[in-house]
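As structure tokens, the structure follows; a few thoughts come after it.
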Amino acid sequence: MLTQIAVSLNSIANPIGQVLLAPIEWLPGWLSATLIGVVTGVLMLVVFKYTSNQSAIKRTRDQIKANMLALSLFKDDLGVSLRSQGRLLTGALRLILHALIPLAVLMIPMILILGQMSLWYQARPLRIGEESVVTVQLADESTDAVQAITLNTNDAVEVIAGPVRVSSKNMVCWKVMPIRDGQHQLEFKIGGETSLKEFVVGGAFEPTSQKRPAWDWNEVVMHPRETPFAPDSIVQSIEVTYPQRDALTAGTNNWVIYWFVISMVAAFVAKPFLNVNL
Amino acid sequence: MRDNQSEGIVSRRKLLTGAACAAVAAGVGATSYFVGGPNRVSRSLGKKVIVIGIDGMDPRLSAAMMKAGDLPNLAKMTASGGFSKLGTSIPPQSPVAWSNFINGSGPGSHGIFDFIHRHPHEHCKPYFAAAETLTPEGFVEWGDHQLQLDFWPFNHKPAKTVLRRQGVPFWDYLDAQKIDSVFYDLPSNYPPSPSQYGHHRCVSGMGTPDMLGTYGTYQYFSEDTPAAGVREGGGIRSKLRFENDSARATLIGPPDSFRKSPTPIEIEFEVHRDRQSDAVLLEIQDQKIMLQRGQWSRWTKLDFAISTPKLIPNQHASGICRFFLQEIAPNFRLYVTPINVNPSDPAVQLSEPDDFIENVSEELGLFYTTGFQEDHKARTNGVFNDDEFRRQATNVLEERLALFEYAVENYEDGLLFFYFSSSDLQSHIFWWDESDGNTQHPLISSPEAASRFQYVRDLYQRLDSIIGDINDRYSGKATIIVMSDHGFANFGRQFNLNSWLRDSGYLNPRECTNVLVNGDWSRTRAYGLGINGLYLNLKGREADGVVEPGEEQEQLLRRLKMQLESVRDVNGNQVIRNVYRSSEIYAGDATALAPDLIIGYARGYRASWETCLGELSEDTLRDNTSAWAADHCADALEVPGVLFCNKSIDKTDPSLVDVAPSILQEFGLPTPSTMTGQSIYKS
């Protein structure tokens, strides 16, 4: 069920992401990462404004301010100080409670946005001549398939080594080398079944799906671009090892931190203009 | 008149055209000078000196190859400038020799006398001469861990590696004058000495340890290794047991230094082989590496998690290694390079300033950082055959050439020094000059020896082309010096100094196997340690010294020198050409650890392998049956280095200590009083 929902959401997010994030391809990495951070930060703020109880948040913040004032004014009065501290704590808890609904509303779009961004920033496409390992994970009960599966070569990719068949893990690996730029498909055959996997070669920024996932919601969320394999498929997943992207703002793993910081900064900067209580 | 006018017009046209062409040519010339062509040339007008250090390049072979036309670029350099033998250090060992170069003065100034030194007051405990790791002092215990807190009020002293080279390196004088100097792979400078004024940069070379703190420990996995594994000099062998063609293996990493009893940090990895496709898959720390038989992997980053007490986050140290799949079946064999410190995220300081190597790595990627890069230990221990060693050495050379290109591309002015180790470590394995003393290789036939020696010649030719390139780029713009620290000689016979001392009654007891382990100090008057060192067991210096300083010491030294110089091999050949008294050849403030006598072996001879760490063997003289077939730890007069320069060499007998004063002179600086060398150029 969860997997089906994730697949359906990805089917909506993928075409939208493809259009909205297309400028990443020709913008410098730092600029696209900054723009996305700013836009998503402001959008999150707007969503927060209309999905939260702004007047209740304002009231709670005023109460927090009042209690902080009381703390500094009556610091010699232990009773008042303790009462104010207690109220500060409850005020903070109330603020968190007020944020729950907007967080719930924002959670799914944010996961989808991050999933789409990861396609661009988490890894970079292979360059011509750059070797990579392709791993096919087969279903547990398919011991014969380890011997039977083949990778069909084409004019875009050359098999350099392998296959190495790892029976104990139902896994088969090849070392491949791209020889032509572009978005290609690797074609695997087992019995009458053909399984495909995207294989990206070339430009600095292109959507790069590292794994065609198994029928598992967690994997589908992490690897949104390609249709997952059916639960009863012999092939469970296919993974291509892409190189890490070395960059401070739009590089592997760094991009998430950068996006978080930029979106937070953008939201705080836009807050007074949009009149939002956080 | 018209004709005259016409002629005048033509002449003017010609003149103008000529002037325009000249201007364009000058413009192109100036542009290429300042901007650089496909091979960049520095646009700076500052003084430039480029020094290429080629470890072990031999003057005899160089001269012969130049004569045969095999080294055209060095021949050209010789014709336009000069070529000379370069006097080496006593003893001619690389750490000593390069320290002579660094200080512009002899071992008495820098205190490096051998690869190996000893603590005389600690029963001659040996240590590597150029750098020593000091044991930590003080700690607090926290569960299974102990922490060194180097701040008040604890003021513990954590373990620290210190450079033992003393004196003033010549670049300090350049640094003080704000003249830039940059050194790549400089030997005898680990940890790198600091730059006081920020004009000196250096990547440490020979002497830099691997992640295990050794000078390079390979790891080797095979099915035929004994179950308990084997620890051998320079390597660790482990047995692999395959089940369904999959096996688990463990890489040994650095010690878990915060633990009370530090054990090595281990990284498990899986090996899967496919005999049908002749390939192997390695799974290590979420990385998949696939190799075919005979294939090398790229550098692989390894993350070593150093455990810390609870509540303190684990520390991490990053290492790099490469895998080499030698055989898949029937006997699976996998070689793993020593785990090098990761230059992109170094766990210890490898360069001055410390981010210099990271900047280099940002452009070049990962590369060897240990001082000894060609894995001669893998060859001498039989893990590599000749071809495999040559391939590994070629990998090293390719990396160094990329680094050299980086060095040249990023050079503006001042001093550029670049060091090549290949000529030394490949010569140790492949050198065998049958014409030198008409000697037969102890292990292989003459044609085989000759074909191996050809590898050395090929390498010289490769280096010659590199020198040609740098000459083409900087001829007339820079002073270019090509130098080596020593030459080479066959190493066919080995002499066990300690066995000779035993047989001559100076070392006891007769059944002693290692003077450091079961020698009787009360009956031992002299012992050998290191490759060329002989020490007296001197009262007041050694812990259990028996030789009285003064008259007894003097007589003993005289007698030993006389007897050693008269040692003859079974064929009557002189084994030792010269024995030097350190008191006569060394001068300076750093002579405290000098051996009493330095043994200068004749060509073809060297100290036995056992001698270096105080061991004894039954025979005093034996064939050298190691793959390490050539050496330079002979008498200094036997193995001078080379000196090529694109300027005339005016000094008649230049030696290593003269290079630094010459460089300083090129920058207009006088020879400092700390140096004993003199410039090779006329002032």
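In the structure tokens, each chain is lettered A, B, ... as it comes, each chain's residues begin at 1, and ligands are numbered from 1 in order of appearance.
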
Output the contact residues of chain A with respect to chain B at a cut-off of 9 Å, based on only C-alpha atoms, as a ChimeraX atom specification.
/A:132-133,160-168,173-175,241

Compile the contact shell of Met562 of chain B as a ChimeraX atom specification: residues with an atom at most 10 Å away, counting only C-alpha atoms, same-chain residues fewer than 6 positions apart removed.
/B:556,578-579

Prev. selection, N, CA and C atoms, output as a JSON list (two decimals), in the first residue's frame:
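The result, stored in out05.json:
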```json
[["chain", "number", "residue", "atom", "x", "y", "z"],
["B", 556, "LEU", "N", 91.77, 0.67, 19.78],
["B", 556, "LEU", "CA", 90.76, -0.25, 19.22],
["B", 556, "LEU", "C", 90.29, 0.24, 17.86],
["B", 578, "ASN", "N", 87.33, 1.45, 2.26],
["B", 578, "ASN", "CA", 87.77, 2.44, 3.24],
["B", 578, "ASN", "C", 86.98, 2.29, 4.52],
["B", 579, "VAL", "N", 87.65, 2.50, 5.63],
["B", 579, "VAL", "CA", 86.94, 2.64, 6.91],
["B", 579, "VAL", "C", 87.24, 4.05, 7.41]]
```

With a distance cut-off of 10 Å and only C-alpha atoms, select the neighbouring residues of Thr161 of chain B, excluding the residue or stretch itself and same-chain residues fewer than 3 positions from it, and output the selection as a PyMOL selection string.
chain B and resi 131-135+158+164+190-191+213+348

May I have the residues from that selection written out with C-alpha atoms, as a PDB file, in the first residue's frame?
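The resulting file, part.pdb, is reproduced below:
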```pdb
ATOM      1  CA  ALA B 131      62.120  10.765  12.380  1.00  0.00           C
ATOM      2  CA  GLU B 132      61.114   9.260  15.669  1.00  0.00           C
ATOM      3  CA  THR B 133      57.755   8.800  17.320  1.00  0.00           C
ATOM      4  CA  LEU B 134      57.964   9.791  20.947  1.00  0.00           C
ATOM      5  CA  THR B 135      55.952   7.745  23.423  1.00  0.00           C
ATOM      6  CA  PRO B 158      50.458  12.859  23.310  1.00  0.00           C
ATOM      7  CA  ARG B 164      65.399  14.299  13.843  1.00  0.00           C
ATOM      8  CA  TYR B 190      58.982  14.333   7.641  1.00  0.00           C
ATOM      9  CA  PRO B 191      57.273  15.810   9.548  1.00  0.00           C
ATOM     10  CA  GLY B 213      53.030   4.185  11.131  1.00  0.00           C
ATOM     11  CA  VAL B 348      48.744  13.703   9.902  1.00  0.00           C
TER      12      VAL B 348
END
```

One number please: atom CA of Met1 of chain A to atom CA of Asn14 of chain A, in Å, one decimal.
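Separation between atom CA of Met1 of chain A and atom CA of Asn14 of chain A: 19.8 Å.
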
Do you know which residues are at most 12 Å from Lys189 of chain A counting only C-alpha atoms, after dropping those on the same chain fewer than 5 positions away, and could you put them as a PDB file with N, CA and C atoms, in the first residue's frame?
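Here's the written file out01.pdb:
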```pdb
ATOM      1  N   VAL A 136      23.018  -6.108 -10.240  1.00  0.00           N
ATOM      2  CA  VAL A 136      21.631  -6.579 -10.333  1.00  0.00           C
ATOM      3  C   VAL A 136      21.352  -7.451  -9.114  1.00  0.00           C
ATOM      4  N   ALA A 145      18.855 -17.967 -11.653  1.00  0.00           N
ATOM      5  CA  ALA A 145      18.904 -16.708 -12.405  1.00  0.00           C
ATOM      6  C   ALA A 145      20.277 -16.060 -12.335  1.00  0.00           C
ATOM      7  N   VAL A 146      20.991 -16.305 -11.245  1.00  0.00           N
ATOM      8  CA  VAL A 146      22.332 -15.740 -11.096  1.00  0.00           C
ATOM      9  C   VAL A 146      23.214 -16.170 -12.269  1.00  0.00           C
ATOM     10  N   GLN A 147      23.029 -17.423 -12.698  1.00  0.00           N
ATOM     11  CA  GLN A 147      23.812 -17.927 -13.818  1.00  0.00           C
ATOM     12  C   GLN A 147      23.234 -17.475 -15.158  1.00  0.00           C
ATOM     13  N   ALA A 148      21.928 -17.238 -15.182  1.00  0.00           N
ATOM     14  CA  ALA A 148      21.258 -17.045 -16.478  1.00  0.00           C
ATOM     15  C   ALA A 148      21.247 -15.596 -16.962  1.00  0.00           C
ATOM     16  N   ILE A 149      21.286 -14.669 -16.061  1.00  0.00           N
ATOM     17  CA  ILE A 149      21.074 -13.264 -16.467  1.00  0.00           C
ATOM     18  C   ILE A 149      22.231 -12.756 -17.330  1.00  0.00           C
ATOM     19  N   THR A 150      21.870 -11.949 -18.319  1.00  0.00           N
ATOM     20  CA  THR A 150      22.897 -11.376 -19.208  1.00  0.00           C
ATOM     21  C   THR A 150      22.676  -9.875 -19.348  1.00  0.00           C
ATOM     22  N   LEU A 151      23.753  -9.190 -19.632  1.00  0.00           N
ATOM     23  CA  LEU A 151      23.676  -7.752 -19.925  1.00  0.00           C
ATOM     24  C   LEU A 151      23.973  -7.571 -21.398  1.00  0.00           C
ATOM     25  N   ASN A 152      22.986  -7.013 -22.104  1.00  0.00           N
ATOM     26  CA  ASN A 152      23.183  -6.797 -23.536  1.00  0.00           C
ATOM     27  C   ASN A 152      23.958  -5.506 -23.752  1.00  0.00           C
ATOM     28  N   THR A 153      25.035  -5.603 -24.474  1.00  0.00           N
ATOM     29  CA  THR A 153      25.802  -4.374 -24.718  1.00  0.00           C
ATOM     30  C   THR A 153      25.186  -3.625 -25.883  1.00  0.00           C
ATOM     31  N   THR A 194      12.856  -8.975 -19.896  1.00  0.00           N
ATOM     32  CA  THR A 194      13.859  -7.929 -20.113  1.00  0.00           C
ATOM     33  C   THR A 194      13.704  -6.867 -19.027  1.00  0.00           C
ATOM     34  N   SER A 195      14.796  -6.487 -18.426  1.00  0.00           N
ATOM     35  CA  SER A 195      14.773  -5.428 -17.411  1.00  0.00           C
ATOM     36  C   SER A 195      15.666  -4.301 -17.872  1.00  0.00           C
ATOM     37  N   LEU A 196      15.181  -3.079 -17.672  1.00  0.00           N
ATOM     38  CA  LEU A 196      15.934  -1.909 -18.132  1.00  0.00           C
ATOM     39  C   LEU A 196      16.398  -1.062 -16.948  1.00  0.00           C
ATOM     40  N   LYS A 197      17.486  -0.383 -17.166  1.00  0.00           N
ATOM     41  CA  LYS A 197      17.996   0.560 -16.147  1.00  0.00           C
ATOM     42  C   LYS A 197      18.605   1.747 -16.863  1.00  0.00           C
ATOM     43  N   ILE A 234      11.796 -11.357 -10.971  1.00  0.00           N
ATOM     44  CA  ILE A 234      13.052 -12.044 -10.620  1.00  0.00           C
ATOM     45  C   ILE A 234      14.121 -11.005 -10.289  1.00  0.00           C
ATOM     46  N   VAL A 235      14.133  -9.946 -11.126  1.00  0.00           N
ATOM     47  CA  VAL A 235      15.072  -8.859 -10.845  1.00  0.00           C
ATOM     48  C   VAL A 235      14.446  -7.956  -9.786  1.00  0.00           C
TER      49      VAL A 235
END
```
